[in-house]
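A.B. asks: The structure that follows is given in the form of structure tokens.
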Amino acid sequence: MYPKTVDIASLISSRICHDLASPLGAIANGLELMELSGAPSTPEFELLSESVENAVARINFFRIAFGPPEFGAQVAESDIRNTIFRYYSGQRIKIFWLVSGDIPRPQAKLAMLFLSCMETFLPFGGTITVSNTDDLWTFDAKDPRLRGNAERMALLSGQGDPTDLKPSQIQFELVRQMLSDAQIDVDQSNTDGHVSISYQYTANYVG
């Protein structure tokens with residue numbers, strides 16, 4: 001069963017997200033109070049407000065994707081949707097989240113990591129559609145300019161060499177480890193303009 005050892009990386013990620021969330025929240029509250037007090041909406045104020053919102057969205061996304069799976073915990077559907085759409089707001093990638101209901105924390109973590117992987121195939125923008133039917137998760141990334149990366153795709157199937165990964169690609173190794181520990185197989189398709197990945201979430205991945 002997974003996990004049996006302390007996941008240091010996830011705990012560190014969770015701690016960093018937790019410690020950053022408090023000061024960012026304070027800044028956001030301060031900006032809101034300034035707005036309520038009638039402070040003029042200058043370009044500088046708008047830039048600061050937008051930057052704080054973006055930082056908070058990234059913290060919330062990273063907390064789910066890189067934090068501990070917290071077996072037995074659930075992530076509310078509204079929290080998932082708000083986190084995803086705020087995280088990708090203003091980006092050239094559009095997310096179609098076709099998953100209904102609350103999600104067990106481990107499934108949410110794996111889904112967020114897969115989203116992070118899929119977005120790397122869309123450097124010029126595009127769409128990612130996520131669906132879940134009877135624990136069969138499917139991720140479809142589409143754009144005419146999309147080009148799948150064979151080496152990174154191999155990692156998602158338990159193959160490949162993770163030693164050359166950049167820090168911005170660490171999600172591929174985390175996904176590979178989680179799938180390996182849970183003995184989950186991945187089906188994938190990699191063609192010009194379209195990358196599709198699916199997996200059946202199994203009972204092996206329970207705490």
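In the structure tokens, the first chain shown is A, the next is B, and so on; residue numbers restart at 1 for each chain, and ligands run from 1 in the order shown.
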List the neighbours of Pro68 of chain A out to 9 Å using only C-alpha atoms; skip same-chain residues closer than 5 positions along the sequence, and give me the result as a PyMOL selection string.

C.D. replies: chain A and resi 7+9-11+13-14+63+105-106+109

A.B. asks: Write the residues of the selection above to a file with N, CA and C atoms, as a CSV table (one decimal), in the first residue's frame.

C.D. replies:
```
chain,number,residue,atom,x,y,z
A,7,ASP,N,7.1,11.2,3.1
A,7,ASP,CA,7.3,11.9,1.9
A,7,ASP,C,7.8,13.3,2.2
A,9,ALA,N,9.6,15.4,0.4
A,9,ALA,CA,9.4,16.5,-0.6
A,9,ALA,C,8.0,17.1,-0.5
A,10,SER,N,7.0,16.2,-0.3
A,10,SER,CA,5.6,16.7,-0.2
A,10,SER,C,5.4,17.6,1.1
A,11,LEU,N,6.0,17.2,2.2
A,11,LEU,CA,5.9,17.9,3.4
A,11,LEU,C,6.6,19.3,3.3
A,13,SER,N,7.0,21.0,0.5
A,13,SER,CA,6.1,21.8,-0.4
A,13,SER,C,5.0,22.3,0.3
A,14,SER,N,4.3,21.5,1.2
A,14,SER,CA,3.2,21.9,1.9
A,14,SER,C,3.6,23.0,2.9
A,63,ARG,N,-0.2,23.6,-3.7
A,63,ARG,CA,-0.5,22.9,-2.4
A,63,ARG,C,-1.2,21.5,-2.7
A,105,ARG,N,-8.4,13.3,-2.0
A,105,ARG,CA,-7.2,14.1,-2.1
A,105,ARG,C,-6.1,13.5,-3.0
A,106,PRO,N,-5.9,12.1,-2.9
A,106,PRO,CA,-4.8,11.5,-3.7
A,106,PRO,C,-5.1,11.6,-5.2
A,109,LYS,N,-4.5,15.2,-6.3
A,109,LYS,CA,-3.1,15.5,-6.4
A,109,LYS,C,-2.5,15.0,-7.7
```

A.B. asks: Give me, as a list in words, all polymer residues having an atom no more than 12 Å from Ala57 of chain A, counting only C-alpha atoms and skipping those fewer than 6 positions away in the same chain.

C.D. replies: Cys17, Leu20, Ala21, Leu24, Gly25, Ala28, Glu50, Ser51, Arg63, Ile64, Asp79, Ile80, Arg81, Asn82, Thr83, Ile84, Phe85, Arg86, Tyr87, Tyr88, Ser89 and Gly90 of chain A

A.B. asks: Calculated over only C-alpha atoms, which of the candidates A:Arg147, A:Arg176, A:Lys166, A:Lys94 has the smallest distance to Gly193 of chain A?

C.D. replies: A:Arg147

A.B. asks: Identify all residues of chain A in strand (DSSP E or B) (DSSP on the backbone) and supply them as JSON, numbers by chain.

C.D. replies: {"A": [74, 75, 93, 94, 95, 96, 97, 98, 103, 104, 126, 127, 128, 129, 130, 131, 132, 133, 136, 137, 138, 139, 140, 141, 142, 186, 187, 188, 189, 190, 191, 194, 195, 196, 197, 198, 199, 200]}

A.B. asks: Tell me, as a ChimeraX atom specification, which residues lie within 12 Å of Ser49 of chain A, counting only C-alpha atoms; anything in the same chain fewer than 5 positions away does not count.

C.D. replies: /A:24-25,27-35,41-44,54-56

A.B. asks: Produce a file of the selected residues containing N, CA and C atoms, as a compact mmCIF listing (two decimals), in the first residue's frame.

C.D. replies:
```txt
# COMPACT_ATOMS: atom_id res chain seq x y z
N LEU A 24 0.70 36.48 1.82
CA LEU A 24 -0.02 36.84 0.59
C LEU A 24 -1.47 37.20 0.90
N GLY A 25 -2.06 36.44 1.82
CA GLY A 25 -3.43 36.75 2.23
C GLY A 25 -3.53 38.11 2.89
N ILE A 27 -1.57 40.69 2.31
CA ILE A 27 -1.45 41.71 1.26
C ILE A 27 -2.77 41.87 0.52
N ALA A 28 -3.41 40.74 0.21
CA ALA A 28 -4.69 40.79 -0.50
C ALA A 28 -5.75 41.51 0.34
N ASN A 29 -5.77 41.24 1.64
CA ASN A 29 -6.73 41.92 2.52
C ASN A 29 -6.43 43.41 2.60
N GLY A 30 -5.14 43.75 2.63
CA GLY A 30 -4.76 45.16 2.67
C GLY A 30 -5.20 45.89 1.41
N LEU A 31 -5.03 45.27 0.27
CA LEU A 31 -5.46 45.88 -0.98
C LEU A 31 -6.98 46.06 -1.03
N GLU A 32 -7.69 45.06 -0.49
CA GLU A 32 -9.15 45.16 -0.47
C GLU A 32 -9.60 46.31 0.43
N LEU A 33 -8.95 46.48 1.58
CA LEU A 33 -9.29 47.58 2.48
C LEU A 33 -8.99 48.93 1.83
N MET A 34 -7.89 49.00 1.09
CA MET A 34 -7.56 50.24 0.39
C MET A 34 -8.62 50.58 -0.64
N GLU A 35 -9.09 49.54 -1.34
CA GLU A 35 -10.13 49.76 -2.35
C GLU A 35 -11.43 50.22 -1.71
N SER A 41 -7.92 53.78 -8.26
CA SER A 41 -7.51 52.56 -8.96
C SER A 41 -6.48 52.92 -10.02
N THR A 42 -5.24 53.02 -9.60
CA THR A 42 -4.16 53.38 -10.50
C THR A 42 -3.63 52.13 -11.20
N PRO A 43 -2.89 52.30 -12.30
CA PRO A 43 -2.27 51.14 -12.95
C PRO A 43 -1.37 50.35 -12.01
N GLU A 44 -0.67 51.08 -11.11
CA GLU A 44 0.20 50.39 -10.15
C GLU A 44 -0.61 49.53 -9.19
N ASN A 54 -2.63 36.22 -8.68
CA ASN A 54 -1.93 35.18 -9.41
C ASN A 54 -1.07 34.34 -8.46
N ALA A 55 -0.40 34.99 -7.52
CA ALA A 55 0.44 34.26 -6.58
C ALA A 55 -0.39 33.36 -5.67
N VAL A 56 -1.53 33.83 -5.20
CA VAL A 56 -2.41 33.04 -4.35
C VAL A 56 -2.94 31.82 -5.12
```

A.B. asks: Which value, in Å to one decimal, gives the distance between atom CA of Gln171 of chain A and atom CA of Phe114 of chain A?

C.D. replies: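 Between atom CA of Gln171 of chain A and atom CA of Phe114 of chain A the gap works out to 7.7 Å.
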
A.B. asks: So how far away is atom CA of Leu122 of chain A from atom CA of Gln91 of chain A, in Å?

C.D. replies: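 Atom CA of Gln91 of chain A sits 10.9 Å away from atom CA of Leu122 of chain A.
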
A.B. asks: Using 12 Å as the limit and counting only C-alpha atoms, can you tabulate each residue of segment 121-172 of chain A that touches segment 181-184 of chain A, with its shortest atom-to-atom distance in Å and the two atoms involved, as a tab-separated table?

C.D. replies:
```
residue	atom	partner	partner_atom	distance
A:Asp135	CA	A:Ile184	CA	11.8
A:Leu136	CA	A:Ile184	CA	11.1
A:Trp137	CA	A:Ile184	CA	11.5
A:Leu156	CA	A:Ile184	CA	10.4
A:Ser157	CA	A:Ile184	CA	9.2
A:Gly158	CA	A:Ile184	CA	9.7
```

A.B. asks: Please save N, CA, C and O atoms of the selected residues as a compact mmCIF listing (two decimals), in the first residue's frame.

C.D. replies:
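As a result, part-v5.txt now contains:
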```
# COMPACT_ATOMS: atom_id res chain seq x y z
N ASP A 135 -13.73 6.40 -12.32
CA ASP A 135 -12.30 6.46 -11.96
C ASP A 135 -11.38 6.23 -13.15
O ASP A 135 -10.19 5.97 -12.97
N LEU A 136 -11.90 6.33 -14.37
CA LEU A 136 -11.06 6.35 -15.56
C LEU A 136 -10.80 7.80 -15.92
O LEU A 136 -11.69 8.51 -16.40
N TRP A 137 -9.58 8.25 -15.65
CA TRP A 137 -9.21 9.64 -15.91
C TRP A 137 -8.62 9.77 -17.30
O TRP A 137 -7.80 8.96 -17.72
N LEU A 156 5.86 9.13 -18.15
CA LEU A 156 4.50 8.90 -17.68
C LEU A 156 4.07 7.45 -17.82
O LEU A 156 3.02 7.06 -17.32
N SER A 157 4.89 6.66 -18.49
CA SER A 157 4.62 5.23 -18.61
C SER A 157 5.63 4.40 -17.82
O SER A 157 5.75 3.19 -18.01
N GLY A 158 6.38 5.07 -16.93
CA GLY A 158 7.34 4.35 -16.11
C GLY A 158 8.65 4.08 -16.80
O GLY A 158 9.48 3.31 -16.31
```

A.B. asks: Quick one: residues within 10 Å of Ile103 of chain A, only C-alpha atoms counted, chain neighbours fewer than 2 positions away excluded, as a PyMOL selection string?

C.D. replies: chain A and resi 73-77+80+99-101+105-109+111
